[in-house]
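Note: the block below is protein19.txt and it holds compact mmCIF, C-alpha atoms and all ligand atoms.
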# COMPACT_ATOMS: atom_id res chain seq x y z
CA MET A 4 -24.60 -7.80 -25.89
CA SER A 5 -26.42 -5.26 -23.71
CA ASN A 6 -27.54 -7.59 -20.94
CA SER A 7 -27.01 -6.29 -17.43
CA LEU A 8 -25.04 -8.17 -14.79
CA LYS A 9 -28.28 -8.72 -12.90
CA SER A 10 -29.94 -10.55 -15.79
CA THR A 11 -26.81 -12.35 -17.07
CA ASP A 12 -25.39 -13.48 -13.76
CA PRO A 13 -27.68 -12.89 -10.78
CA GLU A 14 -25.41 -15.02 -8.60
CA ILE A 15 -22.41 -12.69 -9.03
CA LYS A 16 -24.70 -9.65 -8.79
CA GLU A 17 -26.01 -10.88 -5.44
CA ILE A 18 -22.52 -11.52 -4.04
CA LEU A 19 -21.51 -8.05 -5.18
CA ARG A 20 -24.53 -6.60 -3.36
CA LYS A 21 -23.49 -8.40 -0.18
CA GLU A 22 -19.91 -7.10 -0.49
CA LEU A 23 -21.25 -3.55 -0.95
CA PHE A 24 -23.35 -3.98 2.20
CA ARG A 25 -20.29 -5.32 4.07
CA GLN A 26 -18.16 -2.36 3.02
CA GLN A 27 -20.90 0.12 3.89
CA ASN A 28 -21.60 -1.34 7.33
CA THR A 29 -18.16 -2.19 8.67
CA LEU A 30 -15.10 -0.14 9.60
CA THR A 31 -12.13 -0.83 7.32
CA LEU A 32 -8.89 -0.36 9.21
CA ILE A 33 -6.70 -2.30 6.79
CA PRO A 34 -4.08 0.32 5.91
CA SER A 35 -3.65 -0.86 2.32
CA GLU A 36 -7.37 -0.52 1.52
CA ASN A 37 -9.29 2.58 0.49
CA TYR A 38 -12.39 3.74 -1.40
CA PRO A 39 -11.67 5.40 -4.74
CA SER A 40 -13.80 8.19 -6.14
CA ARG A 41 -16.69 7.52 -8.47
CA ALA A 42 -14.56 9.00 -11.29
CA VAL A 43 -11.80 6.41 -10.67
CA LEU A 44 -14.35 3.58 -10.57
CA GLU A 45 -15.93 4.82 -13.79
CA ALA A 46 -12.61 4.87 -15.65
CA GLU A 47 -11.67 1.45 -14.28
CA GLY A 48 -14.98 -0.06 -15.38
CA SER A 49 -14.88 1.52 -18.83
CA ILE A 50 -14.68 0.25 -22.41
CA LEU A 51 -10.95 0.96 -22.39
CA MET A 52 -10.56 -2.60 -21.13
CA ASP A 53 -11.41 -3.72 -24.69
CA LYS A 54 -8.22 -2.35 -26.14
CA TYR A 55 -4.91 -4.11 -26.68
CA ALA A 56 -1.98 -1.69 -26.73
CA GLU A 57 1.25 -3.63 -26.27
CA GLY A 58 4.15 -1.23 -26.39
CA TYR A 59 4.22 2.43 -25.36
CA PRO A 60 2.47 5.57 -26.68
CA ARG A 61 3.25 6.12 -30.39
CA ARG A 62 5.23 2.83 -30.38
CA ARG A 63 2.49 0.18 -30.24
CA TYR A 64 2.20 -3.27 -31.73
CA TYR A 65 -1.53 -2.77 -32.41
CA GLN A 66 -3.55 -0.38 -34.53
CA GLY A 67 -6.33 1.81 -33.17
CA CYS A 68 -4.29 3.13 -30.28
CA GLN A 69 -4.64 6.88 -30.88
CA PHE A 70 -6.97 7.45 -27.91
CA VAL A 71 -5.33 5.09 -25.47
CA ASP A 72 -2.05 6.82 -26.39
CA GLU A 73 -3.61 10.11 -25.27
CA ILE A 74 -4.67 8.49 -22.02
CA GLU A 75 -1.28 6.98 -21.22
CA GLU A 76 0.51 10.20 -22.11
CA LEU A 77 -1.80 12.16 -19.84
CA ALA A 78 -1.25 9.69 -16.99
CA ILE A 79 2.53 9.98 -17.40
CA GLN A 80 2.44 13.76 -17.65
CA ARG A 81 0.31 14.08 -14.49
CA ALA A 82 2.46 11.63 -12.53
CA LYS A 83 5.64 13.46 -13.61
CA LYS A 84 4.23 16.72 -12.30
CA LEU A 85 2.95 15.19 -9.08
CA PHE A 86 6.12 13.29 -8.18
CA ARG A 87 8.69 15.42 -10.01
CA GLY A 88 10.08 12.22 -11.54
CA GLU A 89 12.38 12.14 -14.56
CA HIS A 90 10.72 9.06 -16.05
CA ILE A 91 7.40 7.36 -15.25
CA ASN A 92 6.01 3.97 -16.19
CA VAL A 93 2.29 3.55 -15.45
CA GLN A 94 1.86 0.05 -16.88
CA ALA A 95 2.78 -2.19 -13.91
CA HIS A 96 -0.29 -4.21 -12.98
CA SER A 97 0.60 -4.11 -9.27
CA GLY A 98 3.28 -3.16 -6.79
CA THR A 99 4.75 -6.66 -6.94
CA GLN A 100 4.86 -6.52 -10.76
CA ALA A 101 6.60 -3.15 -10.52
CA ASN A 102 9.25 -4.60 -8.20
CA ILE A 103 9.78 -7.69 -10.36
CA ALA A 104 10.31 -5.40 -13.37
CA VAL A 105 12.92 -3.39 -11.45
CA TYR A 106 14.85 -6.59 -10.66
CA GLN A 107 14.56 -7.67 -14.29
CA ALA A 108 15.83 -4.27 -15.43
CA LEU A 109 18.79 -3.85 -13.08
CA LEU A 110 19.92 -7.31 -11.95
CA ASN A 111 21.11 -10.65 -13.22
CA PRO A 112 19.72 -13.86 -11.72
CA GLY A 113 21.69 -14.70 -8.58
CA ASP A 114 22.59 -11.07 -7.77
CA THR A 115 22.28 -10.00 -4.14
CA ILE A 116 19.38 -7.91 -2.87
CA LEU A 117 19.40 -6.37 0.61
CA SER A 118 15.85 -5.95 1.90
CA LEU A 119 13.81 -5.67 5.08
CA LYS A 120 12.83 -8.96 6.73
CA LEU A 121 9.18 -9.79 6.18
CA SER A 122 8.65 -10.23 9.93
CA HIS A 123 10.07 -6.73 10.56
CA GLY A 124 7.66 -5.05 8.16
CA GLY A 125 9.07 -5.95 4.73
CA HIS A 126 7.08 -7.13 1.73
CA LEU A 127 6.73 -10.51 0.02
CA SER A 128 8.03 -9.12 -3.28
CA HIS A 129 11.28 -8.10 -1.55
CA GLY A 130 12.14 -11.79 -1.21
CA GLY A 131 11.27 -12.26 2.45
CA CYS A 132 9.45 -15.53 1.78
CA GLU A 133 11.14 -18.57 0.26
CA LYS A 134 8.25 -19.25 -2.09
CA THR A 135 8.53 -15.94 -3.96
CA LEU A 136 10.09 -15.47 -7.38
CA THR A 137 12.34 -12.82 -5.84
CA HIS A 138 13.71 -15.38 -3.40
CA THR A 139 14.21 -18.16 -5.94
CA HIS A 140 15.90 -15.92 -8.55
CA TYR A 141 18.12 -13.70 -6.40
CA ARG A 142 20.27 -14.01 -3.30
CA ILE A 143 18.44 -12.20 -0.52
CA VAL A 144 20.15 -10.79 2.56
CA TYR A 145 18.18 -8.99 5.23
CA TYR A 146 18.22 -6.08 7.56
CA GLY A 147 15.75 -5.63 10.40
CA VAL A 148 14.75 -2.90 12.80
CA ASP A 149 16.69 -2.15 15.97
CA LYS A 150 15.57 -4.35 18.86
CA THR A 151 15.16 -1.46 21.31
CA SER A 152 13.93 1.46 19.22
CA GLU A 153 12.15 -0.71 16.61
CA VAL A 154 13.22 1.73 13.90
CA PHE A 155 16.01 1.51 11.32
CA ASN A 156 19.54 1.59 12.69
CA TYR A 157 21.53 2.94 9.76
CA GLU A 158 24.95 1.93 11.10
CA GLU A 159 23.72 -1.66 11.46
CA ILE A 160 22.27 -1.62 7.93
CA ARG A 161 25.52 -0.15 6.61
CA GLN A 162 27.54 -2.95 8.21
CA ILE A 163 25.29 -5.61 6.60
CA ALA A 164 25.64 -3.84 3.24
CA LEU A 165 29.44 -3.67 3.59
CA LYS A 166 29.56 -7.38 4.42
CA HIS A 167 27.31 -8.61 1.59
CA ARG A 168 27.91 -5.96 -1.10
CA PRO A 169 24.38 -6.15 -2.55
CA ARG A 170 23.69 -5.07 -6.12
CA LEU A 171 20.35 -3.62 -5.01
CA ILE A 172 19.18 -2.19 -1.70
CA ILE A 173 15.45 -1.90 -1.07
CA ALA A 174 14.27 0.82 1.28
CA GLY A 175 10.68 -0.24 1.48
CA THR A 176 8.14 -1.47 3.98
CA SER A 177 4.57 -2.62 4.36
CA ALA A 178 4.28 -2.48 8.15
CA TYR A 179 6.58 0.27 9.39
CA PRO A 180 4.79 3.09 11.22
CA ARG A 181 7.58 5.66 11.12
CA ALA A 182 8.63 8.13 8.44
CA ILE A 183 11.64 7.09 6.36
CA ASP A 184 14.44 9.52 5.57
CA PHE A 185 15.90 8.39 2.24
CA ALA A 186 19.22 10.33 2.46
CA PRO A 187 21.04 7.75 4.65
CA TRP A 188 19.92 4.97 2.28
CA ARG A 189 21.52 6.79 -0.65
CA LYS A 190 24.77 7.12 1.28
CA ILE A 191 24.87 3.39 2.06
CA ALA A 192 24.00 2.45 -1.53
CA ASP A 193 26.76 4.72 -2.87
CA GLU A 194 29.30 3.36 -0.41
CA VAL A 195 28.74 -0.25 -1.55
CA GLY A 196 28.00 0.53 -5.21
CA ALA A 197 24.38 -0.66 -5.08
CA TYR A 198 21.25 0.57 -6.81
CA LEU A 199 18.67 2.03 -4.44
CA LEU A 200 15.02 1.06 -4.84
CA ALA A 201 12.49 2.88 -2.66
CA ASP A 202 9.24 0.89 -2.47
CA VAL A 203 6.75 3.42 -1.14
CA ALA A 204 3.56 1.51 -1.94
CA HIS A 205 1.96 2.41 1.39
CA ILE A 206 3.06 6.01 1.82
CA ILE A 207 2.86 7.31 -1.75
CA GLY A 208 -0.21 9.46 -0.94
CA LEU A 209 1.61 11.10 1.97
CA ILE A 210 4.59 11.73 -0.33
CA ALA A 211 2.38 13.21 -3.07
CA ALA A 212 0.97 15.62 -0.47
CA GLY A 213 4.44 16.61 0.78
CA LEU A 214 3.78 15.13 4.21
CA HIS A 215 6.47 12.45 4.12
CA PRO A 216 10.15 12.67 3.03
CA ASP A 217 10.44 12.34 -0.72
CA PRO A 218 12.40 9.33 -2.09
CA VAL A 219 12.58 10.65 -5.67
CA PRO A 220 15.74 12.78 -5.24
CA TYR A 221 17.59 9.85 -3.64
CA ALA A 222 16.48 6.56 -5.18
CA ASP A 223 17.45 5.24 -8.59
CA VAL A 224 13.98 3.80 -8.84
CA VAL A 225 10.80 4.33 -6.83
CA THR A 226 7.92 1.85 -6.96
CA ALA A 227 4.43 2.32 -5.58
CA THR A 228 0.84 1.20 -5.75
CA THR A 229 -2.05 3.46 -6.67
CA GLN A 230 -4.83 1.93 -4.55
CA LYS A 231 -3.62 2.58 -1.02
CA THR A 232 -3.11 6.10 0.37
CA LEU A 233 -3.19 7.43 -3.22
CA ARG A 234 -6.87 6.31 -3.43
CA GLY A 235 -6.75 5.23 -7.07
CA PRO A 236 -7.30 1.91 -8.86
CA ARG A 237 -5.47 -1.33 -8.06
CA GLY A 238 -2.15 -0.97 -9.85
CA GLY A 239 1.57 -0.24 -9.82
CA LEU A 240 3.70 2.77 -10.67
CA ILE A 241 7.41 3.17 -11.37
CA ILE A 242 9.34 6.44 -11.12
CA CYS A 243 12.98 6.34 -12.18
CA ARG A 244 15.94 8.38 -13.31
CA GLN A 245 16.08 9.03 -17.02
CA LYS A 246 19.18 6.86 -17.44
CA TYR A 247 17.15 3.77 -16.43
CA ALA A 248 14.07 4.68 -18.48
CA SER A 249 14.48 2.25 -21.35
CA LEU A 250 15.69 -0.59 -19.09
CA ILE A 251 12.59 -0.17 -16.91
CA ASP A 252 10.19 0.18 -19.84
CA ARG A 253 11.60 -2.92 -21.52
CA ALA A 254 11.48 -4.86 -18.25
CA ILE A 255 7.75 -4.14 -17.96
CA PHE A 256 7.02 -4.78 -21.65
CA PRO A 257 7.98 -7.22 -23.05
CA GLY A 258 10.05 -8.35 -20.03
CA THR A 259 7.41 -9.25 -17.50
CA GLN A 260 4.00 -8.12 -18.80
CA GLY A 261 1.97 -8.22 -21.99
CA GLY A 262 -0.78 -5.77 -22.88
CA PRO A 263 -1.23 -2.86 -20.48
CA PHE A 264 -4.59 -2.43 -18.73
CA MET A 265 -5.69 0.77 -20.43
CA HIS A 266 -8.81 1.10 -18.25
CA THR A 267 -6.58 1.00 -15.15
CA ILE A 268 -4.15 3.49 -16.69
CA ALA A 269 -7.09 5.85 -17.28
CA ALA A 270 -8.13 5.38 -13.64
CA LYS A 271 -4.53 6.08 -12.56
CA ALA A 272 -4.61 9.31 -14.60
CA VAL A 273 -7.80 10.32 -12.76
CA CYS A 274 -6.26 9.60 -9.36
CA PHE A 275 -3.12 11.62 -10.21
CA LYS A 276 -5.39 14.55 -11.12
CA GLU A 277 -7.28 14.18 -7.83
CA ALA A 278 -4.02 13.93 -5.89
CA ALA A 279 -2.88 17.29 -7.28
CA GLU A 280 -5.93 19.07 -5.81
CA PRO A 281 -5.57 21.06 -2.55
CA GLN A 282 -8.21 18.90 -0.81
CA PHE A 283 -6.00 15.85 -1.31
CA LYS A 284 -3.38 17.39 0.96
CA LYS A 285 -6.08 18.07 3.54
CA TYR A 286 -7.17 14.45 3.26
CA GLN A 287 -3.62 13.14 3.77
CA LYS A 288 -3.12 15.43 6.79
CA GLN A 289 -6.30 14.03 8.29
CA ILE A 290 -5.11 10.44 7.66
CA ILE A 291 -2.03 11.16 9.79
CA SER A 292 -3.96 13.01 12.53
CA ASN A 293 -6.44 10.16 12.66
CA ALA A 294 -3.66 7.56 12.94
CA ARG A 295 -2.08 9.55 15.79
CA GLU A 296 -5.40 9.80 17.64
CA LEU A 297 -6.08 6.09 17.19
CA ALA A 298 -2.54 5.28 18.34
CA LYS A 299 -2.94 7.44 21.45
CA THR A 300 -6.29 5.85 22.31
CA LEU A 301 -4.96 2.30 21.89
CA ASN A 302 -1.91 3.11 23.95
CA ASN A 303 -4.08 4.63 26.71
CA GLY A 304 -6.18 1.48 26.44
CA GLY A 305 -3.21 -0.67 27.51
CA PHE A 306 -1.61 -1.69 24.22
CA ARG A 307 2.06 -1.36 23.36
CA LEU A 308 2.73 0.21 19.99
CA VAL A 309 5.76 -0.90 17.97
CA SER A 310 8.22 2.05 17.89
CA GLY A 311 5.95 3.87 20.36
CA GLY A 312 3.59 5.45 17.83
CA THR A 313 3.20 6.52 14.24
CA ASP A 314 4.19 9.22 11.73
CA THR A 315 2.14 7.72 8.94
CA HIS A 316 -1.23 6.16 8.15
CA LEU A 317 -0.65 2.92 10.10
CA ILE A 318 -0.01 1.61 13.58
CA LEU A 319 1.57 -1.70 14.56
CA VAL A 320 0.04 -2.94 17.82
CA ASP A 321 1.98 -5.47 19.91
CA LEU A 322 -0.52 -7.75 21.66
CA SER A 323 2.05 -10.09 23.19
CA ASN A 324 1.47 -8.69 26.71
CA ASN A 325 -2.30 -8.82 26.33
CA GLY A 326 -2.68 -12.60 26.14
CA ILE A 327 -4.16 -12.66 22.64
CA THR A 328 -2.67 -13.41 19.22
CA GLY A 329 -3.11 -11.17 16.18
CA ASP A 330 -5.10 -13.93 14.54
CA LYS A 331 -7.65 -14.13 17.36
CA ALA A 332 -7.77 -10.35 17.76
CA ALA A 333 -8.56 -9.80 14.07
CA ALA A 334 -11.21 -12.53 14.15
CA ILE A 335 -13.10 -11.16 17.15
CA LEU A 336 -12.86 -7.56 15.97
CA GLU A 337 -14.43 -8.61 12.70
CA LYS A 338 -17.38 -10.05 14.62
CA ALA A 339 -17.99 -6.51 15.85
CA GLY A 340 -17.68 -5.04 12.35
CA ILE A 341 -14.12 -3.75 12.83
CA VAL A 342 -11.91 -5.07 10.02
CA VAL A 343 -8.15 -5.23 10.63
CA ASN A 344 -5.37 -7.58 9.58
CA LYS A 345 -3.13 -9.65 11.82
CA ASN A 346 0.53 -8.77 11.39
CA SER A 347 3.89 -10.03 12.62
CA ILE A 348 5.76 -7.64 14.86
CA PRO A 349 9.57 -7.39 14.93
CA PHE A 350 11.12 -10.35 16.82
CA ASP A 351 7.70 -12.01 16.95
CA ALA A 352 7.55 -15.24 18.96
CA GLN A 353 4.44 -16.34 17.05
CA PRO A 354 4.42 -17.79 13.52
CA PRO A 355 3.04 -15.64 10.63
CA SER A 356 -0.22 -17.61 10.70
CA LEU A 357 -0.90 -16.39 14.26
CA THR A 358 1.30 -13.32 14.86
CA SER A 359 1.46 -11.11 17.95
CA GLY A 360 0.18 -8.01 16.25
CA ILE A 361 -2.47 -6.16 14.33
CA ARG A 362 -1.83 -3.32 11.84
CA PRO A 363 -4.68 -0.79 11.89
CA GLY A 364 -4.59 2.12 9.45
CA THR A 365 -6.76 5.14 8.73
CA PRO A 366 -6.91 5.88 4.94
CA ALA A 367 -10.31 4.27 4.34
CA LEU A 368 -12.05 5.69 7.42
CA THR A 369 -10.63 9.13 6.59
CA THR A 370 -12.11 8.85 3.09
CA ARG A 371 -15.48 8.28 4.81
CA GLY A 372 -14.99 11.65 6.52
CA MET A 373 -14.15 10.40 10.00
CA LYS A 374 -11.96 12.53 12.23
CA GLU A 375 -10.32 12.42 15.69
CA PRO A 376 -13.54 11.96 17.77
CA GLU A 377 -14.46 8.87 15.72
CA MET A 378 -10.89 7.52 16.02
CA LYS A 379 -11.11 7.85 19.81
CA LEU A 380 -14.44 6.01 19.83
CA ILE A 381 -13.14 3.23 17.57
CA GLY A 382 -9.92 2.91 19.59
CA GLU A 383 -12.00 2.51 22.75
CA TRP A 384 -14.16 -0.14 21.10
CA ILE A 385 -11.07 -2.05 19.98
CA SER A 386 -9.63 -1.87 23.51
CA LYS A 387 -12.83 -3.10 25.14
CA ILE A 388 -13.15 -6.03 22.74
CA LEU A 389 -9.53 -7.12 23.04
CA HIS A 390 -9.57 -6.88 26.84
CA ASN A 391 -12.75 -9.01 26.94
CA PRO A 392 -12.22 -11.54 24.15
CA GLU A 393 -14.87 -13.97 25.44
CA ASP A 394 -17.60 -11.35 25.91
CA VAL A 395 -19.99 -12.08 23.04
CA SER A 396 -22.69 -9.67 24.18
CA LEU A 397 -20.19 -6.79 24.34
CA ARG A 398 -19.21 -7.51 20.72
CA LYS A 399 -22.85 -7.61 19.66
CA LYS A 400 -23.50 -4.26 21.31
CA ILE A 401 -20.43 -2.68 19.71
CA LYS A 402 -21.41 -4.12 16.32
CA LYS A 403 -24.68 -2.15 16.54
CA ASP A 404 -22.76 1.02 17.46
CA VAL A 405 -20.38 0.38 14.54
CA GLU A 406 -23.33 0.13 12.14
CA LYS A 407 -24.76 3.39 13.49
CA LEU A 408 -21.40 5.11 12.98
CA CYS A 409 -21.13 3.72 9.45
CA LYS A 410 -24.54 5.17 8.59
CA LYS A 411 -23.34 8.61 9.72
CA PHE A 412 -20.36 8.32 7.31
CA PRO A 413 -21.80 6.60 4.24
CA ILE A 414 -19.88 5.29 1.25
CA TYR A 415 -20.96 4.31 -2.28
CA GLU A 416 -24.50 5.63 -1.76
CA GLU A 417 -24.94 6.05 -5.49
CA LEU A 418 -24.08 2.45 -6.42
N1 LIG B 501 -0.75 -6.75 0.83
C1 LIG B 501 -0.44 -5.34 0.88
C2 LIG B 501 -0.54 -4.83 2.26
O1 LIG B 501 -1.55 -5.07 2.87
O2 LIG B 501 0.35 -4.16 2.76
C3 LIG B 501 0.86 -5.05 0.28
O3 LIG B 501 0.97 -5.65 -0.95
Go ahead and express the file in the form of structure tokens.
Ligand code: DSN
Amino acid sequence: MSNSLKSTDPEIKEILRKELFRQQNTLTLIPSENYPSRAVLEAEGSILMDKYAEGYPRRRYYQGCQFVDEIEELAIQRAKKLFRGEHINVQAHSGTQANIAVYQALLNPGDTILSLKLSHGGHLSHGGCEKTLTHTHYRIVYYGVDKTSEVFNYEEIRQIALKHRPRLIIAGTSAYPRAIDFAPWRKIADEVGAYLLADVAHIIGLIAAGLHPDPVPYADVVTATTQKTLRGPRGGLIICRQKYASLIDRAIFPGTQGGPFMHTIAAKAVCFKEAAEPQFKKYQKQIISNARELAKTLNNGGFRLVSGGTDTHLILVDLSNNGITGDKAAAILEKAGIVVNKNSIPFDAQPPSLTSGIRPGTPALTTRGMKEPEMKLIGEWISKILHNPEDVSLRKKIKKDVEKLCKKFPIYEEL
């Protein structure tokens, strides 16, 4: 019963050690990744995972729930205060699960959803890929970004909405570097009689800190994840108007999920507490400043940025004039210890397996304590590597410099 991981399963323990080493000695620029606090990790890895608690606080289908009830109530209370939401559901296992529950709550199979094309920065769970449940269960119509400005053109989106009369409009992105004003979305939704879902999985930390326009006053439902800019555990979050509360709760349980992950809900409660602290706002400000500095450096280094820059934690780099695909760029950067993901850019001529872009972001490096000087250095390294894709010795040299930089900004020292 009390055997350690090391003695029970040395194979897994060893792989875990290697992953720790990888995280400690490479630069994570994937904008959806972050390093949670020790407190979040502790809650996530706790004995709360032993407990079944189907239902909601004080309305469970299992006995022995008095303490997990306290935890879920605290999580809800903290999230309500942080996001000023009328109703909160903290049980969604992920952002995709949260979105599926919203569809289950508000739509009938076959209803029309208007969402952002995957190749223009949308998300799989918005139905942008034929293989998703969203796509097979609902009729999906798309909007994209404007070809010239590469940002939302609200008149164009309005015209698409008027033509297709969707039941649900999703204002949500996973690769859109600009701030989103939710007021015009509300106007369009009202004009066509649609529900408005704001999926703010990426930018929820910026919103919590008051550094990005707030969707809560405008959207019927807001979905998010807790592991990205919010720096909590892997998980989903739903904020909605009171009138949809029971529809949403029932769509999560029993609609689309069984027992809630009480350990994750405890970790969410911890991250909401952390996000209410003044230093969290400082952290989010630094994420944005770092993204701007990185964007400037990459642009000076000869790379075109989609929409010309960033207001958020991420940058979309168009490599189509640099003679390299996103796939190749991500692969060679990784050889130098710089971890990014390839990403389609709007109107991409390359397929999603190759892409013409990469999508660097700054939440994880900012958690390590890095600031503008480090962003400039990293941006210069990225530029050098991508301008000299065949130069193996340059990559080896930069890899050593990357390791030195990582040692100056350590993570998980206590693990
Ligand atoms: N896969 C996540 C991202 O990287 O944006 C979203 O689910």
Expressed in Å, the length from CA of Glu45 in chain A to CA of Lys9 in chain A is 18.3 Å
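Using all atoms listed in the file, the nearest neighbour of Ile207 in chain A within the list A:Pro263, A:Gly98, A:Pro354, A:Gly130 is A:Gly98.
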Which residues of chain A come within 9 Å of ligand LIG 501 (chain B), and what is each one's closest atom pair and distance in Å (one decimal), counting only C-alpha atoms and all ligand atoms, sorted by chain and residue number, as JSON lines?
{"residue": "A:Ile33", "atom": "CA", "partner": "B:LIG501", "partner_atom": "O1", "distance": 7.0}
{"residue": "A:Pro34", "atom": "CA", "partner": "B:LIG501", "partner_atom": "O1", "distance": 6.7}
{"residue": "A:Ser35", "atom": "CA", "partner": "B:LIG501", "partner_atom": "O1", "distance": 4.7}
{"residue": "A:Glu36", "atom": "CA", "partner": "B:LIG501", "partner_atom": "O1", "distance": 7.5}
{"residue": "A:Ser97", "atom": "CA", "partner": "B:LIG501", "partner_atom": "O3", "distance": 8.5}
{"residue": "A:Gly98", "atom": "CA", "partner": "B:LIG501", "partner_atom": "O3", "distance": 6.8}
{"residue": "A:Thr99", "atom": "CA", "partner": "B:LIG501", "partner_atom": "O3", "distance": 7.2}
{"residue": "A:His126", "atom": "CA", "partner": "B:LIG501", "partner_atom": "C3", "distance": 6.7}
{"residue": "A:Leu127", "atom": "CA", "partner": "B:LIG501", "partner_atom": "O3", "distance": 7.6}
{"residue": "A:Ser128", "atom": "CA", "partner": "B:LIG501", "partner_atom": "O3", "distance": 8.2}
{"residue": "A:Thr176", "atom": "CA", "partner": "B:LIG501", "partner_atom": "O2", "distance": 8.3}
{"residue": "A:Ser177", "atom": "CA", "partner": "B:LIG501", "partner_atom": "O2", "distance": 4.8}
{"residue": "A:Ala178", "atom": "CA", "partner": "B:LIG501", "partner_atom": "O2", "distance": 6.9}
{"residue": "A:Ala204", "atom": "CA", "partner": "B:LIG501", "partner_atom": "C3", "distance": 7.4}
{"residue": "A:His205", "atom": "CA", "partner": "B:LIG501", "partner_atom": "O2", "distance": 6.9}
{"residue": "A:Thr228", "atom": "CA", "partner": "B:LIG501", "partner_atom": "O3", "distance": 8.4}
{"residue": "A:Lys231", "atom": "CA", "partner": "B:LIG501", "partner_atom": "C2", "distance": 8.7}
{"residue": "A:Asn344", "atom": "CA", "partner": "B:LIG501", "partner_atom": "O1", "distance": 8.1}
Applying 8 Å and only C-alpha atoms, which residues near range 187-192 of chain A remain after dropping the ones on its own chain fewer than 2 positions away? List them as a VMD selection string. chain A and resid 157 161 164 171 to 172 174 184 to 185 194 to 199 221 to 222
Report as JSON lines: every residue of range 90-190 of chain A with an atom at most 6 Å from range 246-258 of chain A, its closest pair of atoms, and their distance in Å to one decimal, counting only C-alpha atoms, with rows sorted by chain and ascending residue number.
{"residue": "A:Ala104", "atom": "CA", "partner": "A:Ala254", "partner_atom": "CA", "distance": 5.0}
{"residue": "A:Gln107", "atom": "CA", "partner": "A:Ala254", "partner_atom": "CA", "distance": 5.8}
{"residue": "A:Ala108", "atom": "CA", "partner": "A:Leu250", "partner_atom": "CA", "distance": 5.2}
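Take the candidates A:Ile50, A:Pro13, A:Leu85, A:Glu337 and check each one against Glu280 in chain A using only C-alpha atoms; the shortest distance goes to A:Leu85.
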I'd like the interatomic distance between CA of Gly235 in chain A and CA of Ala270 in chain A, to a tenth of an Å. 6.7 Å
Please measure the separation of CA of Ser323 in chain A and CA of Ser152 in chain A, giving the value in Å to one decimal. 17.0 Å
Which neighbours of Ile318 in chain A fall inside 9 Å, counting all atoms listed in the file, when residues of the same chain fewer than 6 positions from it are skipped, and could you give them as JSON, numbers by chain? {"A": [34, 178, 179, 180, 181, 294, 295, 297, 298, 308, 309, 312, 361, 362, 363, 364]}
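Among the candidates A:Gln80, A:Gln287, A:Thr267, A:Asn391, the residue lying nearest to Ala42 in chain A is A:Thr267 (atoms considered: only C-alpha atoms).
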Given only C-alpha atoms as the basis, pick out the residue of A:Gln94, A:Gln26, A:Thr151, A:Ser292 nearest to Glu416 in chain A.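 Under the stated criterion, the closest residue is A:Gln26.
Comparing A:Gly88, A:Pro355, A:Gly340, A:Gly360 by their smallest distance to Ile381 in chain A, the closest is A:Gly340 (using all atoms listed in the file).
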Who sits within 8 Å of Thr229 in chain A, only C-alpha atoms, same chain under 3 positions skipped, as a ChimeraX atom specification: /A:204,207,232-240,271,274
Exercise: residues within 9 Å of coordinate (6.9, -9.6, 11.2), counting all atoms listed in the file, as a list in words: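 Those residues lying close to the given coordinates are Lys120, Leu121, Ser122, His123, Gly124, Gly125, Ala178, Asn346, Ser347, Ile348, Pro349, Phe350, Asp351, Pro354, Pro355, Thr358, Ser359 and Gly360 of chain A.
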A:Tyr64, A:Tyr141, A:Phe86, A:Tyr55: which is nearest Ile103 in chain A, counting only C-alpha atoms? A:Tyr141
Residues within 8 Å of Glu406 in chain A, all atoms listed in the file, excluding chain neighbours under 4 positions, as an MDAnalysis selection string: chainID A and resid 28:29 340 402 410
Print the selection's residues with C-alpha atoms to a file, as a compact mmCIF listing (two decimals), in the coordinates of the input.
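Output below, filename out23.txt:
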# COMPACT_ATOMS: atom_id res chain seq x y z
CA ASN A 28 -21.60 -1.34 7.33
CA THR A 29 -18.16 -2.19 8.67
CA GLY A 340 -17.68 -5.04 12.35
CA LYS A 402 -21.41 -4.12 16.32
CA LYS A 410 -24.54 5.17 8.59
Could you write range 290-295 of chain A as an mmCIF file, keeping the file's coordinate frame, with N, CA and C atoms rebuilt where they are missing?
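Generated output (selection00.cif):
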data_model
loop_
_atom_site.group_PDB
_atom_site.id
_atom_site.type_symbol
_atom_site.label_atom_id
_atom_site.label_comp_id
_atom_site.auth_asym_id
_atom_site.auth_seq_id
_atom_site.Cartn_x
_atom_site.Cartn_y
_atom_site.Cartn_z
ATOM 1 N N ILE A 290 -5.499 11.853 7.487
ATOM 2 C CA ILE A 290 -5.110 10.440 7.660
ATOM 3 C C ILE A 290 -4.099 10.327 8.800
ATOM 4 N N ILE A 291 -3.094 11.223 8.773
ATOM 5 C CA ILE A 291 -2.030 11.160 9.790
ATOM 6 C C ILE A 291 -2.588 11.541 11.168
ATOM 7 N N SER A 292 -3.377 12.603 11.229
ATOM 8 C CA SER A 292 -3.960 13.010 12.530
ATOM 9 C C SER A 292 -4.831 11.891 13.078
ATOM 10 N N ASN A 293 -5.582 11.255 12.197
ATOM 11 C CA ASN A 293 -6.440 10.160 12.660
ATOM 12 C C ASN A 293 -5.606 8.993 13.186
ATOM 13 N N ALA A 294 -4.512 8.684 12.487
ATOM 14 C CA ALA A 294 -3.660 7.560 12.940
ATOM 15 C C ALA A 294 -3.060 7.894 14.305
ATOM 16 N N ARG A 295 -2.668 9.159 14.491
ATOM 17 C CA ARG A 295 -2.080 9.550 15.790
ATOM 18 C C ARG A 295 -3.117 9.430 16.909
#
